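First up is the structure itself, then whatever we jot down about it.
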Amino acid sequence: MKVADSSLYAHVNGQLQALSTALGRSHDHGAGRLVADLLGTDGDRPTTSAPPWPSDVSDDHSPVEFSVALDHGRAPTIRILGEALAEQPGLGANMHAARRLLEDWSRRYEVSLSRYHQVADLFLSAPPVSQFALWFSLVFKYATDPSIKVYFDPNCRGRAEAAGLVAEAMDRLNLGAAYPSLHAHAMRPGGTDEAEDRYTFFALDLHDGPRARIKVYVSHFNATADDAVRAASAVPGVDAAAVAEFCALAAGDTTLFDGRPLVSSYTFVEGDADRPSGYSLYVPIRSYVADDVEARERVMTLARRYGHDTELIDRAIEAVARRDLADGVGLLAHVSLRLGDEQPGLTVYLSSEAYRVMPPRSRTDNGPQPLALQY
């Protein structure tokens, strides 16, 4: 169980070290320092106090979320999605804190900011009107140094500006020819306030290797599996049946995702000038289960279906959990399926729950849930 007077850093780093051990890592390759950098002065705060900023990274406003990415023939990858907070948090102050942190990391690590600088002014020229300006993903692959990814918010100037910012960013990165097709598939025609699609992240890997990714994320509110199939068809070769099946296995009896939205992400790497080469679908499983016992059952079904190690997933859950799975909902936050040239990859997302555990819901309650994270 969590120690009552634990600091945020002690809580998060303890989970990371336990997760690393559970997945067979004997050395953290500087992971602890990266986590300390990310949390900054917020890391010294006790988790018994209220979160200083309503971070949308997780439902309880913890500024971090873990994930474990499973790929056939490779060791699992541990990732941390996080938000850097200023000592006195605010939209503008957090943006400046994130930019300073990135500049510091670029001096200390093998981080390439070339593509970042090509688009940063689009998203970071002023304090955002949305919930965040810049998030980070810390990526810990087996026996290698960590890598870093950044997420921009296309809604930073308001939702009406999001599509234009994405189009301009893609054009600057020599992907302009891909935007019309991506937009046509990701956005349902005639969308309304009740059924709409939104650009919600624009992400970059901060290295110059040939597999460095540019990713565009779209959230599909009030969507069905058919809407996800339509969105996935922007990527040549994606199996429509696999997309529909993943929705069904992850969401059980749910046919309309009227809680938190489904999310599509489109991956571009070197050579993808006119179309994406990869697609992932994210199901916010916590909105469509009663508790984490049910969420675990769904994740295990998915792991067996796609040939991934269920025991490894159980070890990962146990490493991060500080409670019984029946006592809350949201530890297993969402699950994603990666499709493209290789066999399907599965990623399981685990909430830190540093500040609060969301109570379980009735198993008969299938109504909409609050949208804490707007993806």
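Chains: A, B, ... in order of the structure tokens. Residues: from 1 per chain. Ligands: from 1, in order shown.
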- prompt: Tell me, which residues of stretch 121-360 of chain A carry DSSP strand (DSSP E), written as a PyMOL selection string?
  reply: chain A and resi 134-140+147-152+197-205+214-220+262-268+278-283+332-339+345-351
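Each of A:Ala86, A:Val68, A:Val235, A:Cys247 was checked against A:Gly345 using only C-alpha atoms; the smallest atom-to-atom distance is that of A:Val68.
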message: What parts of stretch 112-241 of chain A does DSSP call helix (DSSP H, G or I)? I'd like the answer as a ChimeraX atom specification.
response: /A:114-124,159-172,176-186,225-232,240-241
Could the residues in this selection be saved with N, CA and C atoms as a tab-separated table (two decimals), in the first residue's frame?
```tsv
chain	number	residue	atom	x	y	z
A	114	SER	N	15.30	19.42	-34.24
A	114	SER	CA	15.16	20.00	-35.58
A	114	SER	C	13.69	20.07	-36.00
A	115	ARG	N	12.98	18.98	-35.91
A	115	ARG	CA	11.56	19.01	-36.31
A	115	ARG	C	10.72	19.77	-35.30
A	116	TYR	N	11.08	19.69	-34.03
A	116	TYR	CA	10.38	20.46	-33.01
A	116	TYR	C	10.41	21.96	-33.35
A	117	HIS	N	11.59	22.46	-33.72
A	117	HIS	CA	11.70	23.88	-34.03
A	117	HIS	C	10.94	24.27	-35.30
A	118	GLN	N	10.70	23.31	-36.19
A	118	GLN	CA	9.95	23.61	-37.40
A	118	GLN	C	8.49	23.92	-37.13
A	119	VAL	N	7.96	23.41	-36.03
A	119	VAL	CA	6.52	23.57	-35.78
A	119	VAL	C	6.19	24.19	-34.43
A	120	ALA	N	7.17	24.37	-33.56
A	120	ALA	CA	6.87	24.81	-32.19
A	120	ALA	C	6.13	26.13	-32.14
A	121	ASP	N	6.46	27.07	-33.03
A	121	ASP	CA	5.80	28.39	-32.97
A	121	ASP	C	4.31	28.28	-33.24
A	122	LEU	N	3.87	27.26	-33.97
A	122	LEU	CA	2.44	27.09	-34.23
A	122	LEU	C	1.67	26.82	-32.94
A	123	PHE	N	2.29	26.06	-32.04
A	123	PHE	CA	1.59	25.59	-30.86
A	123	PHE	C	2.00	26.31	-29.57
A	124	LEU	N	3.15	26.98	-29.58
A	124	LEU	CA	3.70	27.53	-28.34
A	124	LEU	C	3.98	29.02	-28.42
A	159	ARG	N	-10.62	25.28	-30.44
A	159	ARG	CA	-10.92	24.12	-31.28
A	159	ARG	C	-11.07	24.49	-32.75
A	160	ALA	N	-11.55	25.69	-33.04
A	160	ALA	CA	-11.77	26.09	-34.43
A	160	ALA	C	-10.46	26.19	-35.21
A	161	GLU	N	-9.33	26.38	-34.51
A	161	GLU	CA	-8.04	26.54	-35.17
A	161	GLU	C	-7.28	25.22	-35.33
A	162	ALA	N	-7.79	24.15	-34.71
A	162	ALA	CA	-7.00	22.92	-34.62
A	162	ALA	C	-6.66	22.32	-35.97
A	163	ALA	N	-7.64	22.19	-36.85
A	163	ALA	CA	-7.38	21.56	-38.15
A	163	ALA	C	-6.35	22.35	-38.94
A	164	GLY	N	-6.45	23.67	-38.91
A	164	GLY	CA	-5.49	24.50	-39.63
A	164	GLY	C	-4.08	24.35	-39.10
A	165	LEU	N	-3.94	24.24	-37.77
A	165	LEU	CA	-2.61	24.07	-37.20
A	165	LEU	C	-2.01	22.72	-37.59
A	166	VAL	N	-2.83	21.67	-37.57
A	166	VAL	CA	-2.34	20.36	-37.98
A	166	VAL	C	-1.92	20.37	-39.44
A	167	ALA	N	-2.75	20.98	-40.29
A	167	ALA	CA	-2.42	21.04	-41.72
A	167	ALA	C	-1.12	21.79	-41.95
A	168	GLU	N	-0.94	22.92	-41.26
A	168	GLU	CA	0.28	23.70	-41.43
A	168	GLU	C	1.50	22.95	-40.90
A	169	ALA	N	1.36	22.29	-39.75
A	169	ALA	CA	2.47	21.53	-39.19
A	169	ALA	C	2.88	20.39	-40.12
A	170	MET	N	1.91	19.70	-40.69
A	170	MET	CA	2.22	18.62	-41.62
A	170	MET	C	2.90	19.16	-42.87
A	171	ASP	N	2.46	20.30	-43.34
A	171	ASP	CA	3.07	20.89	-44.53
A	171	ASP	C	4.53	21.26	-44.26
A	172	ARG	N	4.81	21.83	-43.10
A	172	ARG	CA	6.18	22.20	-42.77
A	172	ARG	C	7.09	20.99	-42.67
A	176	GLY	N	2.40	17.55	-46.28
A	176	GLY	CA	1.20	18.26	-46.72
A	176	GLY	C	0.33	17.45	-47.67
A	177	ALA	N	0.95	16.61	-48.49
A	177	ALA	CA	0.18	15.81	-49.44
A	177	ALA	C	-0.68	14.77	-48.75
A	178	ALA	N	-0.34	14.41	-47.52
A	178	ALA	CA	-1.10	13.38	-46.80
A	178	ALA	C	-2.29	13.95	-46.05
A	179	TYR	N	-2.30	15.25	-45.81
A	179	TYR	CA	-3.34	15.81	-44.95
A	179	TYR	C	-4.76	15.64	-45.51
A	180	PRO	N	-5.04	15.92	-46.79
A	180	PRO	CA	-6.43	15.81	-47.27
A	180	PRO	C	-7.03	14.42	-47.07
A	181	SER	N	-6.26	13.38	-47.37
A	181	SER	CA	-6.78	12.03	-47.21
A	181	SER	C	-6.98	11.69	-45.73
A	182	LEU	N	-6.00	12.05	-44.90
A	182	LEU	CA	-6.13	11.79	-43.47
A	182	LEU	C	-7.38	12.46	-42.92
A	183	HIS	N	-7.57	13.73	-43.26
A	183	HIS	CA	-8.71	14.49	-42.76
A	183	HIS	C	-10.03	13.87	-43.23
A	184	ALA	N	-10.06	13.45	-44.49
A	184	ALA	CA	-11.29	12.89	-45.05
A	184	ALA	C	-11.69	11.59	-44.36
A	185	HIS	N	-10.72	10.80	-43.95
A	185	HIS	CA	-11.04	9.53	-43.29
A	185	HIS	C	-11.29	9.70	-41.80
A	186	ALA	N	-10.54	10.59	-41.15
A	186	ALA	CA	-10.64	10.72	-39.70
A	186	ALA	C	-11.88	11.49	-39.27
A	225	ALA	N	-17.83	1.30	-33.72
A	225	ALA	CA	-16.73	0.56	-34.33
A	225	ALA	C	-16.63	0.87	-35.82
A	226	ASP	N	-17.75	1.08	-36.48
A	226	ASP	CA	-17.73	1.42	-37.90
A	226	ASP	C	-17.01	2.74	-38.15
A	227	ASP	N	-17.15	3.68	-37.21
A	227	ASP	CA	-16.43	4.96	-37.35
A	227	ASP	C	-14.93	4.75	-37.21
A	228	ALA	N	-14.54	3.84	-36.32
A	228	ALA	CA	-13.11	3.53	-36.18
A	228	ALA	C	-12.58	2.86	-37.44
A	229	VAL	N	-13.38	1.97	-38.03
A	229	VAL	CA	-12.97	1.31	-39.27
A	229	VAL	C	-12.77	2.35	-40.37
A	230	ARG	N	-13.67	3.30	-40.46
A	230	ARG	CA	-13.53	4.37	-41.46
A	230	ARG	C	-12.24	5.16	-41.23
A	231	ALA	N	-11.98	5.51	-39.98
A	231	ALA	CA	-10.77	6.27	-39.66
A	231	ALA	C	-9.51	5.48	-40.01
A	232	ALA	N	-9.52	4.18	-39.72
A	232	ALA	CA	-8.35	3.35	-39.97
A	232	ALA	C	-8.07	3.18	-41.45
A	240	ALA	N	-9.68	-3.99	-41.69
A	240	ALA	CA	-10.89	-3.42	-41.10
A	240	ALA	C	-11.51	-4.35	-40.08
A	241	ALA	N	-11.48	-5.64	-40.35
A	241	ALA	CA	-12.06	-6.61	-39.42
A	241	ALA	C	-11.31	-6.60	-38.08
```
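Atom CA of A:Asp205 sits 21.7 Å away from atom CA of A:His334.
If you count only C-alpha atoms and ignore residues fewer than 5 places along the chain from A:Gly90, what sits within 10 Å of it is Pro52, Trp53, Pro54, Leu85, Met95, His96, Pro127, Gln131 and Phe132 of chain A.
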Suppose we keep C-alpha atoms; can you now write the selection as a short mmCIF file (atom, residue, chain, number, x, y, z; two decimals), in the first residue's frame?
```cif
data_model
loop_
_atom_site.label_atom_id
_atom_site.label_comp_id
_atom_site.auth_asym_id
_atom_site.auth_seq_id
_atom_site.Cartn_x
_atom_site.Cartn_y
_atom_site.Cartn_z
CA PRO A 52 -1.57 21.61 -7.46
CA TRP A 53 -2.84 21.59 -11.04
CA PRO A 54 -5.78 19.77 -12.71
CA LEU A 85 4.38 21.89 -13.98
CA MET A 95 4.29 26.12 -21.01
CA HIS A 96 7.47 27.97 -20.08
CA PRO A 127 -0.16 30.60 -23.48
CA GLN A 131 -5.66 22.49 -20.95
CA PHE A 132 -1.99 22.09 -21.86
#
```
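One distance worth recording is that between atom CA of A:Ser219 and atom CA of A:Leu173, which is 22.3 Å.
If only C-alpha atoms are the atoms counted, then among A:His11, A:Arg99, A:Arg356, A:His308 the closest residue to A:Gly73 is A:His308.
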message: List as JSON, numbers by chain the protein and nucleic acid residues near A:Ala326, meaning an atom at most 9 Å away when only C-alpha atoms are counted, but skip any in the same chain fewer than 6 places from it.
response: {"A": [290, 291, 292, 293, 294, 360]}
Restrict the selected residues to C-alpha atoms and save them as a compact mmCIF listing (two decimals), in the first residue's frame.
```
# COMPACT_ATOMS: atom_id res chain seq x y z
CA ALA A 290 -17.49 -1.37 -13.62
CA ASP A 291 -14.09 -1.88 -11.97
CA ASP A 292 -10.54 -2.90 -12.71
CA VAL A 293 -11.33 -6.58 -12.25
CA GLU A 294 -13.50 -6.32 -15.35
CA PRO A 360 -16.08 1.40 -8.90
```
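Separating atom CA of A:Ala203 from atom CA of A:Lys149 is a distance of 7.0 Å.
Taking only C-alpha atoms into account, A:Gln343 lies nearest to A:Ala242 out of the set A:Val329, A:Ala234, A:Ala242, A:Ile80.
Using only C-alpha atoms, the shortest contact distance between A:Leu134 and any of A:Tyr349, A:Phe152, A:Phe202, A:Phe268 is found at A:Phe152.
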